[in-house]
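Next comes coords06.tsv, a file with TSV, C-alpha atoms.
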chain	number	residue	atom	x	y	z
A	95	ASP	CA	0.00	0.00	0.00
A	96	SER	CA	1.59	3.24	-1.20
A	97	GLY	CA	-0.55	5.51	0.98
A	98	VAL	CA	-2.13	7.17	-2.06
A	99	THR	CA	-5.86	6.58	-2.31
A	100	GLN	CA	-8.08	6.89	-5.36
A	101	THR	CA	-11.83	6.72	-5.69
A	102	PRO	CA	-13.77	5.19	-7.26
A	103	LYS	CA	-11.98	1.98	-8.21
A	104	HIS	CA	-14.20	1.41	-11.19
A	105	LEU	CA	-16.42	3.74	-13.18
A	106	ILE	CA	-18.69	2.85	-16.06
A	107	THR	CA	-20.39	5.62	-17.98
A	108	ALA	CA	-21.70	6.56	-21.40
A	109	THR	CA	-20.25	8.69	-24.17
A	110	GLY	CA	-20.86	12.38	-23.74
A	111	GLN	CA	-20.99	12.18	-19.96
A	112	ARG	CA	-18.77	13.84	-17.35
A	113	VAL	CA	-16.99	12.12	-14.47
A	114	THR	CA	-14.77	13.13	-11.56
A	115	LEU	CA	-11.90	11.04	-10.27
A	116	ARG	CA	-10.56	11.72	-6.81
A	117	CYS	CA	-7.11	11.30	-5.32
A	118	SER	CA	-5.74	11.73	-1.81
A	119	PRO	CA	-1.94	11.93	-1.64
A	120	ARG	CA	0.27	10.38	0.98
A	121	SER	CA	0.42	12.29	4.23
A	122	GLY	CA	2.95	15.10	3.86
A	123	ASP	CA	3.17	14.97	0.07
A	124	LEU	CA	2.58	18.28	-1.67
A	125	SER	CA	2.64	17.20	-5.31
A	126	VAL	CA	-0.03	15.23	-7.11
A	127	TYR	CA	0.38	13.80	-10.60
A	128	TRP	CA	-2.18	12.28	-12.95
A	129	TYR	CA	-1.33	9.59	-15.50
A	130	GLN	CA	-3.44	7.76	-18.06
A	131	GLN	CA	-2.76	4.14	-19.02
A	132	SER	CA	-4.50	2.95	-22.16
A	133	LEU	CA	-3.86	0.16	-24.64
A	134	ASP	CA	-3.29	2.66	-27.46
A	135	GLN	CA	-1.14	5.26	-25.74
A	136	GLY	CA	0.53	3.33	-22.93
A	137	LEU	CA	1.30	5.25	-19.75
A	138	GLN	CA	1.14	9.00	-20.26
A	139	PHE	CA	1.64	11.91	-17.92
A	140	LEU	CA	-1.33	14.26	-17.86
A	141	ILE	CA	-0.75	16.98	-15.30
A	142	GLN	CA	0.94	17.85	-11.99
A	143	TYR	CA	-0.16	20.07	-9.13
A	144	TYR	CA	2.06	21.30	-6.35
A	145	ASN	CA	0.52	22.77	-3.21
A	146	GLY	CA	-2.59	23.85	-5.06
A	147	GLU	CA	-0.90	25.26	-8.15
A	148	GLU	CA	-0.56	23.70	-11.58
A	149	ARG	CA	3.13	22.93	-12.09
A	150	ALA	CA	3.47	20.84	-15.24
A	151	LYS	CA	1.24	19.79	-18.08
A	152	GLY	CA	1.56	16.82	-20.38
A	153	ASN	CA	-0.71	15.36	-23.03
A	154	ILE	CA	-3.94	16.38	-21.36
A	155	LEU	CA	-6.95	16.96	-23.56
A	156	GLU	CA	-8.90	20.21	-23.32
A	157	ARG	CA	-11.93	18.17	-22.26
A	158	PHE	CA	-9.98	17.16	-19.15
A	159	SER	CA	-9.22	19.41	-16.21
A	160	ALA	CA	-7.81	18.98	-12.74
A	161	GLN	CA	-7.40	20.86	-9.52
A	162	GLN	CA	-5.81	20.44	-6.13
A	163	PHE	CA	-7.68	21.63	-3.07
A	164	PRO	CA	-6.36	23.26	0.14
A	165	ASP	CA	-6.38	19.88	1.89
A	166	LEU	CA	-4.13	18.69	-0.98
A	167	HIS	CA	-6.53	16.14	-2.43
A	168	SER	CA	-6.95	16.37	-6.17
A	169	GLU	CA	-9.73	15.79	-8.65
A	170	LEU	CA	-9.49	14.99	-12.34
A	171	ASN	CA	-12.57	15.98	-14.32
A	172	LEU	CA	-13.24	14.30	-17.64
A	173	SER	CA	-16.04	15.69	-19.79
A	174	SER	CA	-17.69	14.93	-23.15
A	175	LEU	CA	-16.38	11.42	-22.75
A	176	GLU	CA	-15.48	9.37	-25.80
A	177	LEU	CA	-14.89	5.65	-26.19
A	178	GLY	CA	-11.17	6.32	-26.45
A	179	ASP	CA	-11.09	7.79	-22.96
A	180	SER	CA	-11.55	4.32	-21.51
A	181	ALA	CA	-8.38	3.73	-19.53
A	182	LEU	CA	-6.81	3.26	-16.15
A	183	TYR	CA	-6.18	6.63	-14.51
A	184	PHE	CA	-3.42	6.79	-11.93
A	185	CYS	CA	-2.71	9.41	-9.36
A	186	ALA	CA	0.76	9.65	-7.85
A	187	SER	CA	2.16	11.88	-5.15
A	188	SER	CA	5.56	13.09	-4.03
A	189	VAL	CA	6.96	15.19	-1.26
A	190	ARG	CA	8.38	18.09	-3.24
A	191	THR	CA	7.94	19.81	-6.56
A	192	GLY	CA	9.05	16.87	-8.68
A	193	GLY	CA	12.14	15.84	-10.55
A	194	GLY	CA	13.84	12.49	-10.49
A	195	SER	CA	15.08	12.81	-6.94
A	196	ASP	CA	11.50	13.16	-5.73
A	197	THR	CA	10.03	9.65	-5.82
A	198	GLN	CA	6.49	9.36	-7.09
A	199	TYR	CA	4.23	6.91	-5.27
A	200	PHE	CA	1.27	5.63	-7.23
A	201	GLY	CA	-2.28	4.98	-6.14
A	202	PRO	CA	-4.22	1.87	-7.18
A	203	GLY	CA	-5.87	3.62	-10.12
A	204	THR	CA	-9.41	4.21	-11.31
A	205	ARG	CA	-10.62	2.03	-14.16
A	206	LEU	CA	-12.86	4.12	-16.44
A	207	THR	CA	-15.02	2.38	-19.02
A	208	VAL	CA	-16.93	4.51	-21.51
A	209	LEU	CA	-19.72	2.66	-23.33
B	49	ALA	CA	11.77	14.90	-26.55
B	50	GLN	CA	12.88	12.05	-24.36
B	51	THR	CA	11.88	8.55	-25.41
B	52	VAL	CA	12.12	5.22	-23.64
B	53	THR	CA	12.21	1.95	-25.57
B	54	GLN	CA	11.60	-1.55	-24.26
B	55	SER	CA	12.17	-3.95	-27.12
B	56	GLN	CA	11.02	-7.11	-25.33
B	57	PRO	CA	7.21	-7.26	-25.13
B	58	GLU	CA	7.36	-10.56	-23.21
B	59	MET	CA	9.96	-12.54	-21.32
B	60	SER	CA	9.84	-15.82	-19.47
B	61	VAL	CA	12.06	-17.15	-16.68
B	62	GLN	CA	12.06	-20.25	-14.55
B	63	GLU	CA	11.71	-19.93	-10.83
B	64	ALA	CA	15.09	-19.37	-9.10
B	65	GLU	CA	16.75	-18.37	-12.38
B	66	THR	CA	18.02	-14.96	-13.47
B	67	VAL	CA	16.45	-12.77	-16.13
B	68	THR	CA	17.45	-9.43	-17.66
B	69	LEU	CA	14.97	-6.92	-19.04
B	70	SER	CA	16.25	-4.35	-21.53
B	71	CYS	CA	15.61	-0.64	-21.78
B	72	THR	CA	17.14	2.08	-23.90
B	73	TYR	CA	16.40	5.77	-23.79
B	74	ASP	CA	17.12	8.87	-25.75
B	75	THR	CA	17.93	12.20	-24.17
B	76	SER	CA	20.19	15.17	-24.67
B	77	GLU	CA	20.23	15.95	-20.96
B	78	SER	CA	23.12	15.09	-18.65
B	79	ASP	CA	21.18	15.16	-15.39
B	80	TYR	CA	18.36	12.65	-15.22
B	81	TYR	CA	16.96	9.66	-13.36
B	82	LEU	CA	15.91	6.23	-14.51
B	83	PHE	CA	13.42	3.91	-12.89
B	84	TRP	CA	11.97	0.46	-13.11
B	85	TYR	CA	8.36	0.10	-12.03
B	86	LYS	CA	6.51	-3.17	-11.58
B	87	GLN	CA	2.82	-3.55	-12.34
B	88	PRO	CA	1.40	-6.86	-11.07
B	89	PRO	CA	-2.08	-8.10	-12.02
B	90	SER	CA	-3.50	-5.85	-9.30
B	91	ARG	CA	-2.48	-2.93	-11.58
B	92	GLN	CA	-0.70	-1.10	-8.76
B	93	MET	CA	2.47	0.64	-9.95
B	94	ILE	CA	5.33	-0.25	-7.61
B	95	LEU	CA	8.78	1.33	-7.71
B	96	VAL	CA	11.43	-1.38	-8.00
B	97	ILE	CA	14.67	0.54	-8.36
B	98	ARG	CA	16.03	3.98	-9.22
B	99	GLN	CA	19.31	5.11	-10.79
B	100	GLU	CA	20.74	8.61	-10.78
B	101	ALA	CA	22.59	9.37	-14.02
B	102	TYR	CA	25.46	11.10	-12.21
B	103	LYS	CA	26.22	7.96	-10.23
B	104	GLN	CA	28.56	5.48	-11.88
B	105	GLN	CA	27.70	2.71	-9.45
B	106	ASN	CA	24.80	0.53	-10.50
B	107	ALA	CA	21.81	0.55	-8.15
B	108	THR	CA	20.88	-2.61	-6.28
B	109	GLU	CA	17.79	-3.50	-4.26
B	110	ASN	CA	17.92	-7.03	-2.88
B	111	ARG	CA	17.39	-9.39	-5.85
B	112	PHE	CA	17.03	-6.50	-8.29
B	113	SER	CA	19.98	-4.74	-9.87
B	114	VAL	CA	20.56	-2.58	-12.90
B	115	ASN	CA	23.24	-2.34	-15.55
B	116	PHE	CA	23.43	1.36	-16.37
B	117	GLN	CA	25.48	2.20	-19.45
B	118	LYS	CA	25.28	5.99	-19.79
B	119	ALA	CA	27.21	6.32	-23.03
B	120	ALA	CA	25.08	3.64	-24.67
B	121	LYS	CA	21.90	5.05	-23.06
B	122	SER	CA	21.02	1.61	-21.81
B	123	PHE	CA	19.39	0.68	-18.52
B	124	SER	CA	18.66	-3.01	-18.02
B	125	LEU	CA	17.09	-4.68	-15.01
B	126	LYS	CA	18.41	-7.97	-13.68
B	127	ILE	CA	16.20	-10.08	-11.45
B	128	SER	CA	18.06	-12.82	-9.60
B	129	ASP	CA	16.53	-15.89	-7.97
B	130	SER	CA	13.22	-15.20	-9.69
B	131	GLN	CA	10.07	-15.85	-7.69
B	132	LEU	CA	6.48	-16.44	-8.75
B	133	GLY	CA	5.60	-13.08	-7.25
B	134	ASP	CA	7.90	-11.36	-9.74
B	135	ALA	CA	5.45	-12.10	-12.55
B	136	ALA	CA	4.22	-8.71	-13.72
B	137	MET	CA	4.58	-5.97	-16.30
B	138	TYR	CA	7.81	-4.07	-15.88
B	139	PHE	CA	8.10	-0.49	-17.05
B	140	CYS	CA	11.28	1.45	-17.56
B	141	ALA	CA	10.85	5.18	-16.95
B	142	TYR	CA	12.85	8.38	-17.34
B	143	ASP	CA	12.66	11.64	-15.45
B	144	HIS	CA	14.74	14.71	-16.15
B	145	GLY	CA	16.45	16.08	-13.07
B	146	THR	CA	14.19	19.07	-12.76
B	147	ALA	CA	11.17	17.89	-14.68
B	148	SER	CA	7.97	16.74	-13.14
B	149	LYS	CA	6.85	13.89	-15.32
B	150	LEU	CA	7.83	10.29	-15.82
B	151	THR	CA	8.21	9.10	-19.41
B	152	PHE	CA	7.48	5.39	-19.61
B	153	GLY	CA	8.44	2.66	-22.02
B	154	THR	CA	5.84	0.27	-23.40
B	155	GLY	CA	6.56	-2.39	-20.83
B	156	THR	CA	7.81	-5.98	-20.72
B	157	ARG	CA	5.51	-8.72	-19.46
B	158	LEU	CA	7.50	-11.16	-17.33
B	159	GLN	CA	6.22	-14.69	-16.84
B	160	VAL	CA	7.73	-16.86	-14.12
B	161	THR	CA	7.37	-20.62	-14.57
B	162	LEU	CA	7.91	-23.52	-12.18

As structure tokens, how would this structure be written, given the file I've shared?
Amino acid sequence: DSGVTQTPKHLITATGQRVTLRCSPRSGDLSVYWYQQSLDQGLQFLIQYYNGEERAKGNILERFSAQQFPDLHSELNLSSLELGDSALYFCASSVRTGGGSDTQYFGPGTRLTVL
Amino acid sequence: AQTVTQSQPEMSVQEAETVTLSCTYDTSESDYYLFWYKQPPSRQMILVIRQEAYKQQNATENRFSVNFQKAAKSFSLKISDSQLGDAAMYFCAYDHGTASKLTFGTGTRLQVTL
């Protein structure tokens, strides 16, 4: 158990809908990262927040958005869902602002299925 | 852009034997970090081992060790005394020293047989 929690574990929804994925980082960690793992694209970095502020952005679609709240939990919002958005979404957390010396610990993931 | 390549989609090893998983990467940076993550059937991503590019000594964690060849941009993972619990997908990953994202390879599925 990494100490990072994600809810829900599974989510099944229809095309065009909107969902929210939630992540609670390890105690004391200030950074939260979101990754998408799909059969087509593999594991891809989406976005990072540090202490409430967006710090880095990867291949995140405009239909997707995220935020980190004062209690440091984070939410990833996915809207106008398409079949291709079906994937495993990971949250990771680290102590500092990132970089290779700042180990990222992954949560168990949320499996999103869009029908 | 940095890329990470794992050329072995699948590998198989007998229990108690040794197996080496390959990884190559491409970067123009001199300061970076390399990782191996394990993803068992539970789908949890677990850090196995980390290597700092500035360190010449290869990292070791119990039965797991790496062969880091900086000039060749190669970073292989050796698993000794393989156990059934080692069966998983293994991902090689790169992180620039000051960057905030991990760049992953496509993974190698390791099967451990009796």

Worksheet entry | Interface residues on chain B facing chain A, 9 Å, all atoms listed in the file, written as an MDAnalysis selection string | chainID B and resid 80:83 90:95 98 100 142:155

Could you write out that same residue set with C-alpha atoms as a compact mmCIF listing (two decimals), in the coordinates of the input?
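The file below, again26.txt, is the result:
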# COMPACT_ATOMS: atom_id res chain seq x y z
CA TYR B 80 18.36 12.65 -15.22
CA TYR B 81 16.96 9.66 -13.36
CA LEU B 82 15.91 6.23 -14.51
CA PHE B 83 13.42 3.91 -12.89
CA SER B 90 -3.50 -5.85 -9.30
CA ARG B 91 -2.48 -2.93 -11.58
CA GLN B 92 -0.70 -1.10 -8.76
CA MET B 93 2.47 0.64 -9.95
CA ILE B 94 5.33 -0.25 -7.61
CA LEU B 95 8.78 1.33 -7.71
CA ARG B 98 16.03 3.98 -9.22
CA GLU B 100 20.74 8.61 -10.78
CA TYR B 142 12.85 8.38 -17.34
CA ASP B 143 12.66 11.64 -15.45
CA HIS B 144 14.74 14.71 -16.15
CA GLY B 145 16.45 16.08 -13.07
CA THR B 146 14.19 19.07 -12.76
CA ALA B 147 11.17 17.89 -14.68
CA SER B 148 7.97 16.74 -13.14
CA LYS B 149 6.85 13.89 -15.32
CA LEU B 150 7.83 10.29 -15.82
CA THR B 151 8.21 9.10 -19.41
CA PHE B 152 7.48 5.39 -19.61
CA GLY B 153 8.44 2.66 -22.02
CA THR B 154 5.84 0.27 -23.40
CA GLY B 155 6.56 -2.39 -20.83

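Restricting the calculation to all atoms listed in the file, the smallest distance between Val61 (chain B) and any of B:Gln131, B:Ala119, B:Cys140, B:Thr156 is found for B:Gln131.
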
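Here CA of Ala107 (chain B) and CA of Ile127 (chain B) stand 12.5 Å from one another.
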
Discussion item. Counting all atoms listed in the file, I want the residues whose atoms come within 6 Å of (-10.3, 9.7, -7.4) in the file frame, returned as a VMD selection string.
Written reply: chain A and resid 100 to 102 115 to 117

Near region 112-114 of chain B, within 7 Å and counting only C-alpha atoms, which residues show up once chain neighbours fewer than 6 positions away are dropped, as a PDB file with C-alpha atoms, keeping the file's coordinate frame?
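Saved the output as result08.pdb:
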ATOM      1  CA  ASN B 106      24.800   0.530 -10.500  1.00  0.00           C
ATOM      2  CA  PHE B 123      19.390   0.680 -18.520  1.00  0.00           C
ATOM      3  CA  SER B 124      18.660  -3.010 -18.020  1.00  0.00           C
ATOM      4  CA  LEU B 125      17.090  -4.680 -15.010  1.00  0.00           C
ATOM      5  CA  LYS B 126      18.410  -7.970 -13.680  1.00  0.00           C
ATOM      6  CA  ILE B 127      16.200 -10.080 -11.450  1.00  0.00           C
ATOM      7  CA  SER B 128      18.060 -12.820  -9.600  1.00  0.00           C
TER       8      SER B 128
END

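Minimum atom-to-atom distance to Asn153 (chain A), evaluated using only C-alpha atoms, belongs to A:Gln130 out of A:Gln130, A:Pro119, A:Val113, A:His104.
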
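The spacing separating CA of Gly97 (chain A) from CA of Leu166 (chain A) amounts to 13.8 Å.
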
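Summary of the local environment: counting all atoms listed in the file, residues at most 12 Å from Asp129 (chain B), other than itself and those fewer than 4 positions away along its chain, are Val61, Gln62, Glu63, Ala64, Glu65, Thr66, Val67, Thr68, Asn110, Arg111, Phe112, Ser113, Gly133, Asp134 and Val160 of chain B.
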
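Protein, DNA and RNA residues at most 6 Å from (-5.0, 17.9, -13.4), with all atoms listed in the file, are these: Ile141, Ser159, Ala160, Gln161 and Leu170 of chain A.
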
Got time to write the residues from that selection, C-alpha atoms, as a PDB file, in the coordinates of the input?
ATOM      1  CA  ILE A 141      -0.750  16.980 -15.300  1.00  0.00           C
ATOM      2  CA  SER A 159      -9.220  19.410 -16.210  1.00  0.00           C
ATOM      3  CA  ALA A 160      -7.810  18.980 -12.740  1.00  0.00           C
ATOM      4  CA  GLN A 161      -7.400  20.860  -9.520  1.00  0.00           C
ATOM      5  CA  LEU A 170      -9.490  14.990 -12.340  1.00  0.00           C
TER       6      LEU A 170
END

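In this model, the gap between CA of Ala181 (chain A) and CA of Phe163 (chain A) comes to 24.3 Å.
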
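Residue nearest Ile97 (chain B) within the list B:Ala49, B:Phe139, B:Asp74, B:Met59: B:Phe139 [criterion: smallest interatomic distance, only C-alpha atoms].
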
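Closest approach to Ser180 (chain A) from the set A:Ser168, A:Gln162, A:Ser121, A:Ser132 is made by A:Ser132, with distances taken over all atoms listed in the file.
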
Region 76-118 of chain B written out with N, CA and C atoms as a PDB file, in the first residue's frame:
ATOM      1  N   SER B  76      19.034  14.303 -24.484  1.00  0.00           N
ATOM      2  CA  SER B  76      20.193  15.173 -24.670  1.00  0.00           C
ATOM      3  C   SER B  76      20.631  15.782 -23.334  1.00  0.00           C
ATOM      4  N   GLU B  77      19.925  15.415 -22.280  1.00  0.00           N
ATOM      5  CA  GLU B  77      20.233  15.947 -20.956  1.00  0.00           C
ATOM      6  C   GLU B  77      21.367  15.160 -20.318  1.00  0.00           C
ATOM      7  N   SER B  78      22.058  15.782 -19.372  1.00  0.00           N
ATOM      8  CA  SER B  78      23.119  15.087 -18.649  1.00  0.00           C
ATOM      9  C   SER B  78      22.682  14.710 -17.235  1.00  0.00           C
ATOM     10  N   ASP B  79      21.669  15.416 -16.736  1.00  0.00           N
ATOM     11  CA  ASP B  79      21.177  15.164 -15.386  1.00  0.00           C
ATOM     12  C   ASP B  79      19.785  14.549 -15.499  1.00  0.00           C
ATOM     13  N   TYR B  80      19.666  13.298 -15.127  1.00  0.00           N
ATOM     14  CA  TYR B  80      18.357  12.648 -15.217  1.00  0.00           C
ATOM     15  C   TYR B  80      18.337  11.431 -14.305  1.00  0.00           C
ATOM     16  N   TYR B  81      17.162  10.832 -14.206  1.00  0.00           N
ATOM     17  CA  TYR B  81      16.965   9.664 -13.364  1.00  0.00           C
ATOM     18  C   TYR B  81      16.242   8.596 -14.169  1.00  0.00           C
ATOM     19  N   LEU B  82      16.549   7.369 -13.846  1.00  0.00           N
ATOM     20  CA  LEU B  82      15.910   6.233 -14.510  1.00  0.00           C
ATOM     21  C   LEU B  82      15.293   5.324 -13.461  1.00  0.00           C
ATOM     22  N   PHE B  83      14.179   4.719 -13.830  1.00  0.00           N
ATOM     23  CA  PHE B  83      13.423   3.907 -12.888  1.00  0.00           C
ATOM     24  C   PHE B  83      12.956   2.617 -13.551  1.00  0.00           C
ATOM     25  N   TRP B  84      12.746   1.621 -12.726  1.00  0.00           N
ATOM     26  CA  TRP B  84      11.973   0.456 -13.112  1.00  0.00           C
ATOM     27  C   TRP B  84      10.781   0.368 -12.164  1.00  0.00           C
ATOM     28  N   TYR B  85       9.593   0.287 -12.775  1.00  0.00           N
ATOM     29  CA  TYR B  85       8.361   0.100 -12.025  1.00  0.00           C
ATOM     30  C   TYR B  85       7.787  -1.267 -12.381  1.00  0.00           C
ATOM     31  N   LYS B  86       7.170  -1.873 -11.405  1.00  0.00           N
ATOM     32  CA  LYS B  86       6.514  -3.168 -11.579  1.00  0.00           C
ATOM     33  C   LYS B  86       5.005  -2.965 -11.486  1.00  0.00           C
ATOM     34  N   GLN B  87       4.277  -3.606 -12.395  1.00  0.00           N
ATOM     35  CA  GLN B  87       2.819  -3.549 -12.343  1.00  0.00           C
ATOM     36  C   GLN B  87       2.273  -4.977 -12.338  1.00  0.00           C
ATOM     37  N   PRO B  88       1.963  -5.508 -11.164  1.00  0.00           N
ATOM     38  CA  PRO B  88       1.399  -6.858 -11.071  1.00  0.00           C
ATOM     39  C   PRO B  88      -0.047  -6.871 -11.554  1.00  0.00           C
ATOM     40  N   PRO B  89      -0.688  -8.032 -11.570  1.00  0.00           N
ATOM     41  CA  PRO B  89      -2.084  -8.096 -12.024  1.00  0.00           C
ATOM     42  C   PRO B  89      -3.029  -7.161 -11.258  1.00  0.00           C
ATOM     43  N   SER B  90      -2.668  -6.792 -10.062  1.00  0.00           N
ATOM     44  CA  SER B  90      -3.499  -5.850  -9.296  1.00  0.00           C
ATOM     45  C   SER B  90      -3.500  -4.452  -9.918  1.00  0.00           C
ATOM     46  N   ARG B  91      -2.598  -4.203 -10.856  1.00  0.00           N
ATOM     47  CA  ARG B  91      -2.476  -2.932 -11.583  1.00  0.00           C
ATOM     48  C   ARG B  91      -1.773  -1.835 -10.790  1.00  0.00           C
ATOM     49  N   GLN B  92      -1.430  -2.090  -9.548  1.00  0.00           N
ATOM     50  CA  GLN B  92      -0.696  -1.099  -8.756  1.00  0.00           C
ATOM     51  C   GLN B  92       0.684  -0.892  -9.353  1.00  0.00           C
ATOM     52  N   MET B  93       1.124   0.336  -9.469  1.00  0.00           N
ATOM     53  CA  MET B  93       2.475   0.644  -9.952  1.00  0.00           C
ATOM     54  C   MET B  93       3.408   0.719  -8.759  1.00  0.00           C
ATOM     55  N   ILE B  94       4.429  -0.143  -8.754  1.00  0.00           N
ATOM     56  CA  ILE B  94       5.331  -0.250  -7.612  1.00  0.00           C
ATOM     57  C   ILE B  94       6.750   0.062  -8.067  1.00  0.00           C
ATOM     58  N   LEU B  95       7.404   0.995  -7.374  1.00  0.00           N
ATOM     59  CA  LEU B  95       8.784   1.331  -7.705  1.00  0.00           C
ATOM     60  C   LEU B  95       9.688   0.179  -7.301  1.00  0.00           C
ATOM     61  N   VAL B  96      10.494  -0.286  -8.254  1.00  0.00           N
ATOM     62  CA  VAL B  96      11.429  -1.383  -7.996  1.00  0.00           C
ATOM     63  C   VAL B  96      12.812  -0.848  -7.670  1.00  0.00           C
ATOM     64  N   ILE B  97      13.292   0.079  -8.512  1.00  0.00           N
ATOM     65  CA  ILE B  97      14.666   0.540  -8.357  1.00  0.00           C
ATOM     66  C   ILE B  97      14.838   1.855  -9.095  1.00  0.00           C
ATOM     67  N   ARG B  98      15.778   2.675  -8.616  1.00  0.00           N
ATOM     68  CA  ARG B  98      16.032   3.979  -9.217  1.00  0.00           C
ATOM     69  C   ARG B  98      17.532   4.167  -9.403  1.00  0.00           C
ATOM     70  N   GLN B  99      17.896   4.841 -10.490  1.00  0.00           N
ATOM     71  CA  GLN B  99      19.314   5.109 -10.786  1.00  0.00           C
ATOM     72  C   GLN B  99      19.481   6.584 -11.126  1.00  0.00           C
ATOM     73  N   GLU B 100      20.409   7.231 -10.451  1.00  0.00           N
ATOM     74  CA  GLU B 100      20.745   8.607 -10.780  1.00  0.00           C
ATOM     75  C   GLU B 100      21.823   8.595 -11.849  1.00  0.00           C
ATOM     76  N   ALA B 101      21.662   9.398 -12.883  1.00  0.00           N
ATOM     77  CA  ALA B 101      22.589   9.370 -14.018  1.00  0.00           C
ATOM     78  C   ALA B 101      23.999   9.791 -13.620  1.00  0.00           C
ATOM     79  N   TYR B 102      24.131  10.608 -12.591  1.00  0.00           N
ATOM     80  CA  TYR B 102      25.457  11.099 -12.208  1.00  0.00           C
ATOM     81  C   TYR B 102      26.249  10.057 -11.410  1.00  0.00           C
ATOM     82  N   LYS B 103      25.552   9.001 -10.994  1.00  0.00           N
ATOM     83  CA  LYS B 103      26.223   7.957 -10.228  1.00  0.00           C
ATOM     84  C   LYS B 103      26.733   6.860 -11.165  1.00  0.00           C
ATOM     85  N   GLN B 104      28.002   6.534 -11.043  1.00  0.00           N
ATOM     86  CA  GLN B 104      28.563   5.475 -11.880  1.00  0.00           C
ATOM     87  C   GLN B 104      28.207   4.094 -11.352  1.00  0.00           C
ATOM     88  N   GLN B 105      28.000   4.004 -10.048  1.00  0.00           N
ATOM     89  CA  GLN B 105      27.698   2.715  -9.449  1.00  0.00           C
ATOM     90  C   GLN B 105      26.278   2.299  -9.785  1.00  0.00           C
ATOM     91  N   ASN B 106      26.127   1.045 -10.178  1.00  0.00           N
ATOM     92  CA  ASN B 106      24.803   0.526 -10.502  1.00  0.00           C
ATOM     93  C   ASN B 106      23.974   0.323  -9.233  1.00  0.00           C
ATOM     94  N   ALA B 107      22.699   0.699  -9.304  1.00  0.00           N
ATOM     95  CA  ALA B 107      21.814   0.552  -8.150  1.00  0.00           C
ATOM     96  C   ALA B 107      21.453  -0.912  -7.926  1.00  0.00           C
ATOM     97  N   THR B 108      21.261  -1.249  -6.675  1.00  0.00           N
ATOM     98  CA  THR B 108      20.877  -2.610  -6.283  1.00  0.00           C
ATOM     99  C   THR B 108      19.843  -2.538  -5.171  1.00  0.00           C
ATOM    100  N   GLU B 109      18.807  -3.369  -5.297  1.00  0.00           N
ATOM    101  CA  GLU B 109      17.792  -3.497  -4.262  1.00  0.00           C
ATOM    102  C   GLU B 109      17.479  -4.988  -4.108  1.00  0.00           C
ATOM    103  N   ASN B 110      18.128  -5.607  -3.137  1.00  0.00           N
ATOM    104  CA  ASN B 110      17.921  -7.034  -2.875  1.00  0.00           C
ATOM    105  C   ASN B 110      18.184  -7.856  -4.138  1.00  0.00           C
ATOM    106  N   ARG B 111      17.181  -8.530  -4.670  1.00  0.00           N
ATOM    107  CA  ARG B 111      17.388  -9.391  -5.846  1.00  0.00           C
ATOM    108  C   ARG B 111      17.381  -8.612  -7.161  1.00  0.00           C
ATOM    109  N   PHE B 112      17.132  -7.328  -7.090  1.00  0.00           N
ATOM    110  CA  PHE B 112      17.031  -6.497  -8.290  1.00  0.00           C
ATOM    111  C   PHE B 112      18.268  -5.622  -8.427  1.00  0.00           C
ATOM    112  N   SER B 113      18.841  -5.607  -9.612  1.00  0.00           N
ATOM    113  CA  SER B 113      19.982  -4.744  -9.873  1.00  0.00           C
ATOM    114  C   SER B 113      19.877  -4.231 -11.303  1.00  0.00           C
ATOM    115  N   VAL B 114      20.587  -3.153 -11.562  1.00  0.00           N
ATOM    116  CA  VAL B 114      20.558  -2.583 -12.905  1.00  0.00           C
ATOM    117  C   VAL B 114      21.962  -2.580 -13.491  1.00  0.00           C
ATOM    118  N   ASN B 115      21.997  -2.562 -14.812  1.00  0.00           N
ATOM    119  CA  ASN B 115      23.235  -2.337 -15.551  1.00  0.00           C
ATOM    120  C   ASN B 115      23.035  -1.042 -16.326  1.00  0.00           C
ATOM    121  N   PHE B 116      23.605   0.028 -15.809  1.00  0.00           N
ATOM    122  CA  PHE B 116      23.434   1.359 -16.372  1.00  0.00           C
ATOM    123  C   PHE B 116      24.646   1.696 -17.224  1.00  0.00           C
ATOM    124  N   GLN B 117      24.427   1.855 -18.509  1.00  0.00           N
ATOM    125  CA  GLN B 117      25.479   2.201 -19.451  1.00  0.00           C
ATOM    126  C   GLN B 117      25.135   3.574 -20.033  1.00  0.00           C
ATOM    127  N   LYS B 118      25.687   4.637 -19.426  1.00  0.00           N
ATOM    128  CA  LYS B 118      25.276   5.989 -19.790  1.00  0.00           C
ATOM    129  C   LYS B 118      25.614   6.326 -21.236  1.00  0.00           C
TER     130      LYS B 118
END
